[in-house]
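J.: Input file: work_39.txt. Contents: compact mmCIF, C-alpha atoms and all ligand atoms.
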# COMPACT_ATOMS: atom_id res chain seq x y z
CA MET A 3 107.28 -27.41 67.67
CA ILE A 4 107.69 -25.73 64.31
CA GLU A 5 108.36 -27.85 61.23
CA ILE A 6 109.32 -26.00 58.05
CA ARG A 7 109.50 -28.02 54.85
CA ASN A 8 110.72 -26.80 51.49
CA LEU A 9 109.55 -23.22 52.11
CA VAL A 10 109.58 -21.16 48.93
CA LYS A 11 108.76 -17.45 48.59
CA LYS A 12 109.19 -15.32 45.49
CA TYR A 13 108.53 -11.66 44.84
CA SER A 14 107.97 -10.65 41.20
CA GLY A 15 109.51 -13.92 40.05
CA LYS A 16 112.63 -13.42 42.17
CA THR A 17 113.26 -16.24 44.65
CA ILE A 18 113.73 -14.92 48.19
CA LEU A 19 113.37 -18.20 50.07
CA GLY A 20 114.37 -21.12 47.89
CA GLY A 21 113.28 -24.25 49.77
CA ILE A 22 114.05 -23.85 53.48
CA ASN A 23 113.92 -26.91 55.74
CA LEU A 24 114.06 -26.44 59.50
CA ASP A 25 112.70 -27.91 62.73
CA ILE A 26 112.56 -25.64 65.75
CA LYS A 27 112.17 -27.55 68.99
CA ASP A 28 110.09 -26.37 71.93
CA GLY A 29 112.13 -24.17 74.26
CA GLU A 30 114.86 -23.58 71.69
CA ILE A 31 116.38 -20.18 70.92
CA PHE A 32 116.97 -20.06 67.19
CA SER A 33 118.48 -17.14 65.28
CA LEU A 34 118.54 -16.46 61.58
CA LEU A 35 121.37 -14.22 60.49
CA GLY A 36 121.75 -12.55 57.14
CA PRO A 37 122.60 -9.31 55.38
CA SER A 38 119.92 -6.73 54.62
CA GLY A 39 117.37 -7.76 52.02
CA THR A 40 118.06 -11.51 52.11
CA GLY A 41 114.57 -12.42 53.31
CA LYS A 42 114.80 -12.60 57.11
CA SER A 43 111.59 -10.66 57.74
CA THR A 44 109.88 -12.61 54.96
CA PHE A 45 110.89 -15.85 56.71
CA LEU A 46 109.54 -14.66 60.07
CA LYS A 47 106.29 -13.31 58.65
CA SER A 48 105.69 -16.61 56.86
CA ILE A 49 105.67 -18.40 60.22
CA ILE A 50 102.61 -16.51 61.43
CA GLY A 51 100.89 -16.38 58.06
CA LEU A 52 101.49 -12.68 57.32
CA VAL A 53 103.27 -13.77 54.16
CA LYS A 54 101.80 -16.58 52.04
CA PRO A 55 104.56 -18.79 50.67
CA ASP A 56 104.62 -20.00 47.08
CA GLY A 57 105.48 -23.51 48.17
CA GLY A 58 106.19 -25.80 51.10
CA SER A 59 104.64 -26.09 54.53
CA ILE A 60 105.03 -24.62 58.01
CA LYS A 61 103.51 -26.71 60.76
CA ILE A 62 102.94 -25.11 64.15
CA ASP A 63 102.29 -27.91 66.63
CA GLY A 64 100.95 -29.94 63.73
CA ALA A 65 98.77 -27.22 62.14
CA ASP A 66 100.02 -26.05 58.74
CA ILE A 67 99.65 -22.26 58.69
CA THR A 68 100.27 -22.13 54.93
CA LYS A 69 97.16 -24.23 54.37
CA THR A 70 95.03 -22.48 56.97
CA PHE A 71 92.42 -20.16 55.58
CA GLY A 72 89.90 -18.00 57.39
CA GLU A 73 90.70 -15.34 59.95
CA PHE A 74 89.32 -17.39 62.86
CA GLU A 75 91.61 -20.37 62.23
CA ILE A 76 94.66 -18.17 61.63
CA GLN A 77 93.96 -16.20 64.82
CA LYS A 78 93.75 -19.46 66.74
CA ILE A 79 97.30 -20.33 65.66
CA ARG A 80 98.54 -16.75 66.11
CA LYS A 81 97.41 -16.71 69.74
CA ASN A 82 100.47 -18.83 70.48
CA PHE A 83 102.78 -16.12 69.17
CA GLY A 84 104.29 -12.89 70.35
CA TYR A 85 105.82 -10.83 67.54
CA LEU A 86 108.32 -8.03 67.83
CA PHE A 87 108.02 -6.17 64.54
CA GLN A 88 111.09 -4.68 62.91
CA GLU A 89 109.38 -1.30 62.69
CA GLY A 90 107.88 -1.58 66.17
CA ALA A 91 104.33 -1.16 64.86
CA LEU A 92 103.19 0.79 67.90
CA PHE A 93 100.02 2.87 68.00
CA ASP A 94 101.08 6.52 68.18
CA SER A 95 97.70 7.64 69.46
CA LEU A 96 97.88 5.35 72.49
CA ASN A 97 100.19 5.68 75.46
CA VAL A 98 102.79 3.11 76.51
CA TRP A 99 100.47 1.26 78.86
CA GLU A 100 97.65 1.05 76.30
CA ASN A 101 100.03 -0.21 73.64
CA VAL A 102 101.17 -3.09 75.82
CA ALA A 103 97.63 -3.89 76.96
CA PHE A 104 96.24 -3.72 73.41
CA GLY A 105 96.42 -7.41 72.54
CA LEU A 106 95.24 -8.48 75.97
CA ARG A 107 92.28 -6.16 75.77
CA TYR A 108 91.08 -7.22 72.34
CA LEU A 109 92.30 -10.77 71.91
CA THR A 110 91.82 -12.27 75.34
CA ASP A 111 88.93 -12.42 77.70
CA ILE A 112 90.24 -10.83 80.89
CA LYS A 113 89.10 -8.03 83.18
CA GLU A 114 90.45 -4.48 82.85
CA SER A 115 92.18 -4.59 86.24
CA GLU A 116 93.93 -7.81 85.20
CA TYR A 117 95.19 -6.65 81.83
CA LEU A 118 96.43 -3.36 83.23
CA LYS A 119 98.27 -5.27 85.96
CA THR A 120 99.80 -7.65 83.40
CA ALA A 121 100.84 -4.76 81.16
CA GLY A 122 102.44 -3.06 84.18
CA GLU A 123 104.37 -6.21 85.04
CA LYS A 124 105.70 -6.59 81.50
CA LEU A 125 106.75 -2.94 81.39
CA GLU A 126 108.61 -3.44 84.64
CA LEU A 127 110.30 -6.48 83.14
CA VAL A 128 111.65 -4.43 80.23
CA GLY A 129 112.71 -1.57 82.50
CA LEU A 130 109.96 0.93 81.71
CA LYS A 131 108.17 1.03 85.02
CA ASN A 132 107.79 4.80 85.20
CA SER A 133 106.98 5.45 81.56
CA GLU A 134 103.48 3.96 81.42
CA ASN A 135 101.68 7.19 80.69
CA LEU A 136 104.03 8.58 78.07
CA LYS A 137 102.92 8.97 74.47
CA ILE A 138 104.80 6.91 71.86
CA SER A 139 106.00 10.16 70.23
CA GLU A 140 107.73 11.05 73.52
CA LEU A 141 109.91 7.92 73.49
CA SER A 142 113.43 7.32 72.23
CA GLY A 143 114.06 4.55 69.70
CA GLY A 144 115.32 2.21 72.40
CA MET A 145 112.29 2.83 74.58
CA LYS A 146 109.98 2.09 71.65
CA LYS A 147 111.77 -1.20 71.11
CA ARG A 148 111.21 -2.09 74.75
CA VAL A 149 107.51 -1.18 74.59
CA ALA A 150 107.19 -3.41 71.54
CA LEU A 151 108.95 -6.18 73.45
CA ALA A 152 106.62 -5.76 76.44
CA ARG A 153 103.67 -6.00 74.07
CA ALA A 154 105.06 -9.11 72.38
CA ILE A 155 105.35 -10.93 75.70
CA ALA A 156 102.11 -9.56 77.20
CA ALA A 157 99.95 -12.61 76.57
CA ASN A 158 102.62 -15.12 77.65
CA PRO A 159 103.00 -16.64 74.21
CA LYS A 160 104.47 -20.06 73.55
CA TYR A 161 106.53 -18.72 70.64
CA LEU A 162 108.28 -15.37 70.49
CA LEU A 163 109.38 -14.02 67.14
CA TYR A 164 111.84 -11.14 67.14
CA ASP A 165 112.58 -9.12 64.02
CA GLU A 166 115.84 -7.19 64.54
CA PRO A 167 115.41 -6.90 68.30
CA THR A 168 118.59 -4.85 68.80
CA THR A 169 118.72 -2.66 65.70
CA GLY A 170 118.95 1.01 66.55
CA LEU A 171 119.84 0.39 70.18
CA ASP A 172 122.96 1.52 72.01
CA PRO A 173 125.25 -1.35 73.13
CA VAL A 174 124.03 -1.29 76.73
CA THR A 175 120.34 -1.42 75.80
CA ALA A 176 121.14 -4.06 73.18
CA GLU A 177 122.73 -6.13 75.96
CA THR A 178 119.57 -5.69 78.07
CA VAL A 179 117.42 -6.93 75.19
CA SER A 180 119.77 -9.86 74.71
CA GLU A 181 119.42 -10.74 78.42
CA LEU A 182 115.65 -10.30 78.20
CA ILE A 183 115.36 -12.76 75.33
CA LYS A 184 117.31 -15.33 77.33
CA GLU A 185 115.24 -14.59 80.43
CA MET A 186 111.94 -14.94 78.56
CA SER A 187 113.12 -18.24 77.24
CA LYS A 188 114.06 -19.51 80.70
CA LYS A 189 111.28 -17.99 82.80
CA LEU A 190 108.36 -18.36 80.43
CA LYS A 191 109.77 -21.42 78.68
CA VAL A 192 109.07 -19.82 75.32
CA THR A 193 110.53 -20.89 72.02
CA SER A 194 112.34 -17.91 70.50
CA ILE A 195 113.10 -17.17 66.90
CA SER A 196 115.13 -14.06 66.12
CA VAL A 197 116.06 -12.73 62.73
CA THR A 198 118.88 -10.24 62.84
CA HIS A 199 122.13 -9.04 61.36
CA ASP A 200 123.51 -8.63 64.90
CA VAL A 201 126.06 -11.46 65.06
CA LYS A 202 126.96 -10.68 68.67
CA LEU A 203 123.34 -11.07 69.72
CA ALA A 204 122.91 -14.31 67.82
CA LEU A 205 126.08 -15.80 69.32
CA GLU A 206 125.06 -14.76 72.83
CA ILE A 207 121.49 -15.98 72.95
CA SER A 208 121.12 -18.87 70.54
CA ASP A 209 121.05 -22.62 70.85
CA ARG A 210 121.32 -22.76 67.05
CA ILE A 211 122.01 -20.24 64.32
CA ALA A 212 121.53 -20.29 60.57
CA LEU A 213 122.91 -17.88 58.00
CA LEU A 214 120.56 -17.02 55.16
CA ASN A 215 122.25 -16.55 51.82
CA GLU A 216 120.72 -16.56 48.33
CA GLY A 217 117.50 -18.18 49.50
CA GLY A 218 119.04 -20.99 51.53
CA PHE A 219 121.03 -21.67 54.67
CA ALA A 220 124.77 -21.27 54.14
CA CYS A 221 125.13 -22.98 57.50
CA LEU A 222 123.09 -24.23 60.44
CA GLY A 223 124.64 -25.05 63.79
CA THR A 224 125.48 -24.10 67.34
CA PRO A 225 127.20 -20.75 68.02
CA GLU A 226 130.49 -22.65 68.41
CA GLU A 227 130.01 -24.38 65.05
CA ILE A 228 129.14 -21.08 63.37
CA LYS A 229 132.17 -19.32 64.85
CA ASN A 230 134.44 -22.10 63.63
CA SER A 231 132.77 -22.60 60.27
CA LYS A 232 135.11 -23.09 57.33
CA ASN A 233 132.42 -21.94 54.90
CA GLY A 234 133.72 -18.79 53.16
CA ILE A 235 130.38 -16.97 53.16
CA VAL A 236 129.87 -17.65 56.85
CA LYS A 237 133.42 -16.65 57.78
CA GLU A 238 133.16 -13.41 55.84
CA PHE A 239 129.83 -12.48 57.40
CA ILE A 240 130.94 -13.25 60.95
CA GLU A 241 134.36 -11.61 60.64
CA ASN A 242 133.05 -8.44 58.96
CA SER A 243 130.30 -8.09 61.54
CA ILE A 244 132.57 -8.53 64.52
CA CYS A 245 135.30 -6.25 63.15
CA ARG A 246 132.85 -3.45 62.48
CA LYS A 247 131.67 -3.37 66.12
N1 LIG B 301 105.80 -7.18 49.99
C1 LIG B 301 106.86 -7.23 49.19
N2 LIG B 301 106.74 -7.06 47.86
C2 LIG B 301 107.80 -7.13 47.03
N3 LIG B 301 109.05 -7.35 47.45
C3 LIG B 301 109.24 -7.51 48.76
C4 LIG B 301 108.17 -7.45 49.70
N4 LIG B 301 108.66 -7.67 50.94
C5 LIG B 301 109.98 -7.84 50.79
N5 LIG B 301 110.34 -7.75 49.49
C6 LIG B 301 111.70 -7.92 48.95
O1 LIG B 301 112.18 -9.18 49.37
C7 LIG B 301 113.54 -9.09 49.78
C8 LIG B 301 113.69 -9.58 51.20
O2 LIG B 301 113.02 -8.67 52.08
P1 LIG B 301 113.03 -8.85 53.65
O3 LIG B 301 112.32 -7.68 54.23
O4 LIG B 301 112.51 -10.19 53.99
O5 LIG B 301 114.59 -8.79 53.96
P2 LIG B 301 115.37 -8.70 55.34
O6 LIG B 301 116.41 -9.77 55.31
O7 LIG B 301 114.42 -8.71 56.46
O8 LIG B 301 116.09 -7.28 55.23
P3 LIG B 301 116.50 -6.24 56.40
O9 LIG B 301 117.72 -6.80 57.08
O10 LIG B 301 116.84 -4.98 55.63
O11 LIG B 301 115.33 -6.08 57.30
C9 LIG B 301 113.96 -7.66 49.53
O12 LIG B 301 114.60 -7.60 48.31
C10 LIG B 301 112.66 -6.89 49.52
O13 LIG B 301 112.75 -5.77 48.68
MG MG B 302 113.90 -7.33 57.86
Can you turn what I pasted into structure tokens?

T.:
Amino acid sequence: MIEIRNLVKKYSGKTILGGINLDIKDGEIFSLLGPSGTGKSTFLKSIIGLVKPDGGSIKIDGADITKTFGEFEIQKIRKNFGYLFQEGALFDSLNVWENVAFGLRYLTDIKESEYLKTAGEKLELVGLKNSENLKISELSGGMKKRVALARAIAANPKYLLYDEPTTGLDPVTAETVSELIKEMSKKLKVTSISVTHDVKLALEISDRIALLNEGGFACLGTPEEIKNSKNGIVKEFIENSICRK
């Protein structure tokens, strides 16, 4: 389980996260909504120690990543995570297959035949069975997103963190990604945390949703509670997002 207490992050004196408190239970699908630039990626990166907070704690199964120093200890915690980066963060010089196998090859101790098989299975799962040998530069935006997703799930992580999993995708592919997130959660029993401005996605996949606004949660609840929220900020965000689709 993930326990976040009074998480504070500032950039150049400006508060981005102003004291976030949140427990994410094992197996839960949690989504953080918010407009561009509110600190969603900062929040997600803090969970795996890519961003060092200015205050508070983040315990991952009891281990506080904000107080963990040394690459070895941080890697030990990070092994539990799959991370879908907002920018994809794929290696252009490697092909699709090699990108997915990358983490398995370097971070786990398995044979080549095994990691290639695993990478193949994950690519099949995201619908890229016949694209294994393509270069990253030969892929469309949606395909890149799916390669990044296959890589995030490659090592069967306990926690999956998704940064804007549907941005830049057509509605049909976005729906596939939405289904995939739910499937991963059910099949692999992972705990999923998505940060996104895609309200439709959040409402479809989540057990709970929060809306980030001015460094704090404007609301935190089930999709039903969010949809029916009387909070003006929440209503405006949800209504604007749905109307624009
Ligand atoms: N490394 C950094 N140094 C300084 N400022 C930063 C840094 N990273 C993010 N910021 C600032 O912090 C704020 C929040 O950024 P963040 O990327 O977390 O937002 P976001 O909610 O993920 O936005 P988007 O929806 O556009 O991805 C922004 O104003 C951004 O400019
Ligand atoms: Mg972001």

J.: Find the residues around A:Gly217 up to 8 Å (all atoms listed in the file counted), leave out those fewer than 2 positions away in its own chain, and share them as a tab-separated table (two decimals) with C-alpha atoms, in the coordinates of the input.

T.:
chain	number	residue	atom	x	y	z
A	17	THR	CA	113.26	-16.24	44.65
A	18	ILE	CA	113.73	-14.92	48.19
A	19	LEU	CA	113.37	-18.20	50.07
A	20	GLY	CA	114.37	-21.12	47.89
A	21	GLY	CA	113.28	-24.25	49.77
A	22	ILE	CA	114.05	-23.85	53.48
A	40	THR	CA	118.06	-11.51	52.11
A	41	GLY	CA	114.57	-12.42	53.31
A	214	LEU	CA	120.56	-17.02	55.16
A	215	ASN	CA	122.25	-16.55	51.82
A	219	PHE	CA	121.03	-21.67	54.67

J.: I'd like the neighbourhood of A:Lys237 as JSON, numbers by chain, where a residue qualifies if any of its atoms comes within 12 Å (using all atoms listed in the file), though same-chain residues fewer than 3 positions away should be ignored.

T.: {"A": [201, 213, 220, 221, 227, 228, 229, 230, 231, 232, 233, 234, 240, 241, 242, 243, 244, 245]}

J.: Kindly indicate which residue among A:Glu216, A:Gly51, A:Asn23, A:Thr168 lies nearest to A:Phe71, using all atoms listed in the file for the distances.

T.: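 Checking each of A:Glu216, A:Gly51, A:Asn23, A:Thr168 against A:Phe71, counting all atoms listed in the file, the winner is A:Gly51.
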
J.: Return the single residue from A:Asp28, A:Asp200, A:Glu181, A:Asp66 that is closest to ligand MG 302 (chain B), with distances computed using all atoms listed in the file.

T.: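 With all atoms listed in the file as the atom set, the closest residue is A:Asp200.
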
J.: If you count all atoms listed in the file, which residues end up within 10 Å of ligand MG 302 (chain B), as an MDAnalysis selection string?

T.: chainID A and resid 36:47 87:89 165:166 197:199

J.: Please, could you write that set of residues out with C-alpha atoms as a PDB file, in the frame of the given file?

T.:
ATOM      1  CA  GLY A  36     121.750 -12.550  57.140  1.00  0.00           C
ATOM      2  CA  PRO A  37     122.600  -9.310  55.380  1.00  0.00           C
ATOM      3  CA  SER A  38     119.920  -6.730  54.620  1.00  0.00           C
ATOM      4  CA  GLY A  39     117.370  -7.760  52.020  1.00  0.00           C
ATOM      5  CA  THR A  40     118.060 -11.510  52.110  1.00  0.00           C
ATOM      6  CA  GLY A  41     114.570 -12.420  53.310  1.00  0.00           C
ATOM      7  CA  LYS A  42     114.800 -12.600  57.110  1.00  0.00           C
ATOM      8  CA  SER A  43     111.590 -10.660  57.740  1.00  0.00           C
ATOM      9  CA  THR A  44     109.880 -12.610  54.960  1.00  0.00           C
ATOM     10  CA  PHE A  45     110.890 -15.850  56.710  1.00  0.00           C
ATOM     11  CA  LEU A  46     109.540 -14.660  60.070  1.00  0.00           C
ATOM     12  CA  LYS A  47     106.290 -13.310  58.650  1.00  0.00           C
ATOM     13  CA  PHE A  87     108.020  -6.170  64.540  1.00  0.00           C
ATOM     14  CA  GLN A  88     111.090  -4.680  62.910  1.00  0.00           C
ATOM     15  CA  GLU A  89     109.380  -1.300  62.690  1.00  0.00           C
ATOM     16  CA  ASP A 165     112.580  -9.120  64.020  1.00  0.00           C
ATOM     17  CA  GLU A 166     115.840  -7.190  64.540  1.00  0.00           C
ATOM     18  CA  VAL A 197     116.060 -12.730  62.730  1.00  0.00           C
ATOM     19  CA  THR A 198     118.880 -10.240  62.840  1.00  0.00           C
ATOM     20  CA  HIS A 199     122.130  -9.040  61.360  1.00  0.00           C
TER      21      HIS A 199
END

J.: Kindly indicate which residue among A:Gly122, A:Pro159, A:Pro167, A:Gly129 lies nearest to ligand LIG 301 (chain B), using all atoms listed in the file for the distances.

T.: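 For ligand LIG 301 (chain B), the nearest of the candidates is A:Pro167.
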
J.: For a test of reading the model, state the distance in Å between atom CA of A:Thr120 and atom CA of A:Ile67, rounded to one decimal.

T.: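 So the two atoms, atom CA of A:Thr120 and atom CA of A:Ile67, lie 28.7 Å apart.
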
J.: Around all listed atoms of stretch 175-192 of chain A, padded 5 Å per side, what centre and edge lengths does the axis-aligned box have in Å to one decimal, as AutoDock Vina command-line options?

T.:
--center_x 115.5 --center_y -11.4 --center_z 78.0 --size_x 24.4 --size_y 30.0 --size_z 19.6

J.: Using the partial input, fill out stretch 112-137 of chain A with N, CA and C atoms; write the result as a PDB file, in the coordinates of the input.

T.:
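Result file is part_33.pdb:
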ATOM      1  N   ILE A 112      89.916 -11.078  79.475  1.00  0.00           N
ATOM      2  CA  ILE A 112      90.240 -10.830  80.890  1.00  0.00           C
ATOM      3  C   ILE A 112      89.751  -9.456  81.323  1.00  0.00           C
ATOM      4  N   LYS A 113      89.625  -9.282  82.630  1.00  0.00           N
ATOM      5  CA  LYS A 113      89.100  -8.030  83.180  1.00  0.00           C
ATOM      6  C   LYS A 113      90.118  -6.894  83.041  1.00  0.00           C
ATOM      7  N   GLU A 114      89.591  -5.651  83.025  1.00  0.00           N
ATOM      8  CA  GLU A 114      90.450  -4.480  82.850  1.00  0.00           C
ATOM      9  C   GLU A 114      91.562  -4.431  83.911  1.00  0.00           C
ATOM     10  N   SER A 115      91.184  -4.679  85.171  1.00  0.00           N
ATOM     11  CA  SER A 115      92.180  -4.590  86.240  1.00  0.00           C
ATOM     12  C   SER A 115      93.311  -5.598  85.994  1.00  0.00           C
ATOM     13  N   GLU A 116      92.923  -6.769  85.449  1.00  0.00           N
ATOM     14  CA  GLU A 116      93.930  -7.810  85.200  1.00  0.00           C
ATOM     15  C   GLU A 116      94.868  -7.427  84.070  1.00  0.00           C
ATOM     16  N   TYR A 117      94.291  -6.931  82.952  1.00  0.00           N
ATOM     17  CA  TYR A 117      95.190  -6.650  81.830  1.00  0.00           C
ATOM     18  C   TYR A 117      96.081  -5.440  82.092  1.00  0.00           C
ATOM     19  N   LEU A 118      95.574  -4.500  82.894  1.00  0.00           N
ATOM     20  CA  LEU A 118      96.430  -3.360  83.230  1.00  0.00           C
ATOM     21  C   LEU A 118      97.566  -3.812  84.154  1.00  0.00           C
ATOM     22  N   LYS A 119      97.252  -4.744  85.045  1.00  0.00           N
ATOM     23  CA  LYS A 119      98.270  -5.270  85.960  1.00  0.00           C
ATOM     24  C   LYS A 119      99.343  -6.025  85.149  1.00  0.00           C
ATOM     25  N   THR A 120      98.864  -6.884  84.239  1.00  0.00           N
ATOM     26  CA  THR A 120      99.800  -7.650  83.400  1.00  0.00           C
ATOM     27  C   THR A 120     100.678  -6.717  82.584  1.00  0.00           C
ATOM     28  N   ALA A 121     100.063  -5.701  81.973  1.00  0.00           N
ATOM     29  CA  ALA A 121     100.840  -4.760  81.160  1.00  0.00           C
ATOM     30  C   ALA A 121     101.883  -4.067  82.019  1.00  0.00           C
ATOM     31  N   GLY A 122     101.508  -3.697  83.246  1.00  0.00           N
ATOM     32  CA  GLY A 122     102.440  -3.060  84.180  1.00  0.00           C
ATOM     33  C   GLY A 122     103.607  -3.967  84.505  1.00  0.00           C
ATOM     34  N   GLU A 123     103.306  -5.242  84.721  1.00  0.00           N
ATOM     35  CA  GLU A 123     104.370  -6.210  85.040  1.00  0.00           C
ATOM     36  C   GLU A 123     105.359  -6.349  83.884  1.00  0.00           C
ATOM     37  N   LYS A 124     104.822  -6.420  82.663  1.00  0.00           N
ATOM     38  CA  LYS A 124     105.700  -6.590  81.500  1.00  0.00           C
ATOM     39  C   LYS A 124     106.560  -5.351  81.284  1.00  0.00           C
ATOM     40  N   LEU A 125     105.974  -4.179  81.545  1.00  0.00           N
ATOM     41  CA  LEU A 125     106.750  -2.940  81.390  1.00  0.00           C
ATOM     42  C   LEU A 125     107.874  -2.884  82.425  1.00  0.00           C
ATOM     43  N   GLU A 126     107.583  -3.386  83.604  1.00  0.00           N
ATOM     44  CA  GLU A 126     108.610  -3.440  84.640  1.00  0.00           C
ATOM     45  C   GLU A 126     109.751  -4.367  84.198  1.00  0.00           C
ATOM     46  N   LEU A 127     109.338  -5.487  83.604  1.00  0.00           N
ATOM     47  CA  LEU A 127     110.300  -6.480  83.140  1.00  0.00           C
ATOM     48  C   LEU A 127     111.271  -5.913  82.100  1.00  0.00           C
ATOM     49  N   VAL A 128     110.773  -5.011  81.259  1.00  0.00           N
ATOM     50  CA  VAL A 128     111.650  -4.430  80.230  1.00  0.00           C
ATOM     51  C   VAL A 128     112.250  -3.088  80.674  1.00  0.00           C
ATOM     52  N   GLY A 129     112.069  -2.768  81.943  1.00  0.00           N
ATOM     53  CA  GLY A 129     112.710  -1.570  82.500  1.00  0.00           C
ATOM     54  C   GLY A 129     112.018  -0.266  82.165  1.00  0.00           C
ATOM     55  N   LEU A 130     110.684  -0.304  82.026  1.00  0.00           N
ATOM     56  CA  LEU A 130     109.960   0.930  81.710  1.00  0.00           C
ATOM     57  C   LEU A 130     108.866   1.220  82.734  1.00  0.00           C
ATOM     58  N   LYS A 131     109.171   0.943  83.964  1.00  0.00           N
ATOM     59  CA  LYS A 131     108.170   1.030  85.020  1.00  0.00           C
ATOM     60  C   LYS A 131     107.531   2.418  85.131  1.00  0.00           C
ATOM     61  N   ASN A 132     108.345   3.457  84.971  1.00  0.00           N
ATOM     62  CA  ASN A 132     107.790   4.800  85.200  1.00  0.00           C
ATOM     63  C   ASN A 132     107.427   5.546  83.916  1.00  0.00           C
ATOM     64  N   SER A 133     107.278   4.793  82.842  1.00  0.00           N
ATOM     65  CA  SER A 133     106.980   5.450  81.560  1.00  0.00           C
ATOM     66  C   SER A 133     105.594   5.101  81.036  1.00  0.00           C
ATOM     67  N   GLU A 134     104.778   4.492  81.889  1.00  0.00           N
ATOM     68  CA  GLU A 134     103.480   3.960  81.420  1.00  0.00           C
ATOM     69  C   GLU A 134     102.609   4.975  80.712  1.00  0.00           C
ATOM     70  N   ASN A 135     102.641   6.214  81.221  1.00  0.00           N
ATOM     71  CA  ASN A 135     101.680   7.190  80.690  1.00  0.00           C
ATOM     72  C   ASN A 135     102.239   8.074  79.581  1.00  0.00           C
ATOM     73  N   LEU A 136     103.461   7.775  79.150  1.00  0.00           N
ATOM     74  CA  LEU A 136     104.030   8.580  78.070  1.00  0.00           C
ATOM     75  C   LEU A 136     103.401   8.229  76.724  1.00  0.00           C
ATOM     76  N   LYS A 137     103.378   9.218  75.840  1.00  0.00           N
ATOM     77  CA  LYS A 137     102.920   8.970  74.470  1.00  0.00           C
ATOM     78  C   LYS A 137     104.082   8.325  73.695  1.00  0.00           C
TER      79      LYS A 137
END
